[in-house]
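Here the structure is laid out as structure tokens; the discussion comes afterwards.
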Amino acid sequence: MRAALNNRWNSGYVDFFEYLRKMLPLPAAVVEQRLSIFMIYANAILSAHEVAQEKRHAKSSRLWGQPFTIANILDTLEATLTSPPSEQTQAKLQEKGSGPAR
């Protein structure tokens, strides 16, 4: 991500957010919050994976030693951004006046 942003964090973030906002059929407020959640989750899960890999028995771990671990992590990261809002989230959005998902 750093390479893609080319050390232009503010303008890069705005461009990236605008791209996601147009691409995802979600209200802008949800996209913005999910992008923050995505970054927190990505940092945490990839850090945990790295720590596990440094341990001697990581390859035999039922969690980290699976051949599909990285692919599954990427699946969950993608889902963080693309899953449709729950009925509860949509109701709260409508209460706030943000409107339904597009």
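Labels for the structure tokens follow display order: chains A, B, ..., residues from 1 in each chain, ligands from 1.
Residues with any atom within 9 Å of Glu78 of chain A, counting only C-alpha atoms and excluding same-chain neighbours fewer than 5 positions away, are Phe38, Ile73 and Ser83 of chain A.
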Keeping only all heavy atoms, write those residues as a PDB file, in the first residue's frame.
ATOM      1  N   PHE A  38     -10.469  -2.100   8.240  1.00  0.00           N
ATOM      2  CA  PHE A  38      -9.596  -2.918   7.389  1.00  0.00           C
ATOM      3  C   PHE A  38      -8.135  -2.719   7.766  1.00  0.00           C
ATOM      4  O   PHE A  38      -7.387  -3.688   7.911  1.00  0.00           O
ATOM      5  CB  PHE A  38      -9.829  -2.528   5.920  1.00  0.00           C
ATOM      6  CG  PHE A  38      -8.913  -3.203   4.945  1.00  0.00           C
ATOM      7  CD1 PHE A  38      -9.282  -4.387   4.334  1.00  0.00           C
ATOM      8  CD2 PHE A  38      -7.681  -2.642   4.615  1.00  0.00           C
ATOM      9  CE1 PHE A  38      -8.439  -5.009   3.415  1.00  0.00           C
ATOM     10  CE2 PHE A  38      -6.839  -3.262   3.703  1.00  0.00           C
ATOM     11  CZ  PHE A  38      -7.222  -4.450   3.098  1.00  0.00           C
ATOM     12  N   ILE A  73      -6.717 -15.333   4.931  1.00  0.00           N
ATOM     13  CA  ILE A  73      -6.589 -13.994   5.525  1.00  0.00           C
ATOM     14  C   ILE A  73      -7.015 -12.946   4.507  1.00  0.00           C
ATOM     15  O   ILE A  73      -7.781 -12.027   4.823  1.00  0.00           O
ATOM     16  CB  ILE A  73      -5.144 -13.744   6.013  1.00  0.00           C
ATOM     17  CG1 ILE A  73      -4.851 -14.566   7.267  1.00  0.00           C
ATOM     18  CG2 ILE A  73      -4.911 -12.257   6.288  1.00  0.00           C
ATOM     19  CD1 ILE A  73      -3.398 -14.540   7.711  1.00  0.00           C
ATOM     20  N   SER A  83     -18.592  -6.978   2.213  1.00  0.00           N
ATOM     21  CA  SER A  83     -19.823  -7.630   2.677  1.00  0.00           C
ATOM     22  C   SER A  83     -20.948  -6.609   2.823  1.00  0.00           C
ATOM     23  O   SER A  83     -20.714  -5.459   3.202  1.00  0.00           O
ATOM     24  CB  SER A  83     -19.591  -8.361   4.005  1.00  0.00           C
ATOM     25  OG  SER A  83     -19.332  -7.436   5.040  1.00  0.00           O
TER      26      SER A  83
END
Can you pull out every residue within 10 Å of segment 62-71 of chain A, counting only C-alpha atoms, but drop anything in the same chain fewer than 6 positions away, and send it as a CSV table (one decimal) with all heavy atoms, in the first residue's frame?
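What ended up in part.csv:
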chain,number,residue,atom,x,y,z
A,46,LEU,N,-1.8,-9.6,10.2
A,46,LEU,CA,-0.5,-9.9,9.6
A,46,LEU,C,0.6,-9.9,10.6
A,46,LEU,O,1.6,-10.7,10.5
A,46,LEU,CB,-0.3,-8.9,8.5
A,46,LEU,CG,-1.3,-9.1,7.3
A,46,LEU,CD1,-1.1,-8.0,6.3
A,46,LEU,CD2,-1.1,-10.5,6.6
A,48,ALA,N,0.2,-10.8,13.8
A,48,ALA,CA,0.1,-12.1,14.5
A,48,ALA,C,0.6,-13.3,13.7
A,48,ALA,O,1.3,-14.2,14.2
A,48,ALA,CB,-1.4,-12.4,14.9
A,49,HIS,N,0.4,-13.2,12.4
A,49,HIS,CA,0.9,-14.3,11.5
A,49,HIS,C,2.5,-14.2,11.5
A,49,HIS,O,3.1,-15.3,11.6
A,49,HIS,CB,0.4,-14.1,10.1
A,49,HIS,CG,0.9,-15.1,9.1
A,49,HIS,ND1,1.9,-14.9,8.2
A,49,HIS,CD2,0.5,-16.4,8.9
A,49,HIS,CE1,2.1,-15.9,7.5
A,49,HIS,NE2,1.3,-16.9,7.9
A,50,GLU,N,3.0,-13.1,11.4
A,50,GLU,CA,4.5,-12.9,11.4
A,50,GLU,C,5.1,-13.5,12.7
A,50,GLU,O,6.1,-14.2,12.7
A,50,GLU,CB,4.9,-11.5,11.2
A,50,GLU,CG,6.4,-11.2,11.0
A,50,GLU,CD,6.7,-9.8,10.7
A,50,GLU,OE1,5.9,-9.1,10.2
A,50,GLU,OE2,7.8,-9.4,11.1
A,52,ALA,N,3.8,-15.7,14.7
A,52,ALA,CA,3.6,-17.1,14.7
A,52,ALA,C,4.7,-17.8,13.8
A,52,ALA,O,5.2,-18.9,14.1
A,52,ALA,CB,2.2,-17.5,14.2
A,53,GLN,N,5.0,-17.2,12.7
A,53,GLN,CA,6.0,-17.8,11.8
A,53,GLN,C,7.4,-17.8,12.4
A,53,GLN,O,8.2,-18.7,12.0
A,53,GLN,CB,6.0,-17.0,10.4
A,53,GLN,CG,4.8,-17.2,9.6
A,53,GLN,CD,4.4,-18.6,9.4
A,53,GLN,OE1,5.2,-19.4,8.8
A,53,GLN,NE2,3.2,-19.0,9.8
A,77,LEU,N,-10.0,-10.2,4.7
A,77,LEU,CA,-9.8,-8.7,4.5
A,77,LEU,C,-10.7,-8.2,3.4
A,77,LEU,O,-11.3,-7.1,3.6
A,77,LEU,CB,-8.3,-8.5,4.2
A,77,LEU,CG,-7.3,-8.6,5.3
A,77,LEU,CD1,-5.9,-8.7,4.8
A,77,LEU,CD2,-7.5,-7.4,6.3
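Distances from A:Leu74, A:Ala58, A:Ile40, A:Val30 to Gln90 of chain A were compared using only C-alpha atoms, and the smallest one belongs to A:Val30.
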Q: Determine the nearest neighbour of Arg21 of chain A from the options A:Leu35, A:Ile45, A:Ala91, A:Ala79, counting only C-alpha atoms.
A: A:Leu35
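Nearest to Lys92 of chain A of all the residues A:Met39, A:Ser60, A:Gly12, A:Ala29 is A:Ala29, based on only C-alpha atoms.
Taking atom CA of Val31 of chain A as the reference point, atom CA of Gln94 of chain A is found at 15.6 Å.
Closest approach to Pro84 of chain A from the set A:Glu54, A:Pro27, A:Glu18, A:Asn10 is made by A:Pro27, with distances taken over only C-alpha atoms.
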Q: Could you jot down the atom CA of Ser11 of chain A to atom CA of Ala28 of chain A separation for me, Å, one decimal place?
A: 17.3 Å
Q) Between A:Asn72, A:Thr80, A:Ser86, A:Ser61, which has the minimum distance to Tyr41 of chain A (counting only C-alpha atoms)? A) A:Thr80
Q: One decimal, Å: what's the distance from atom CA of Leu26 of chain A over to atom CA of Ala42 of chain A, could you say?
A: 20.6 Å
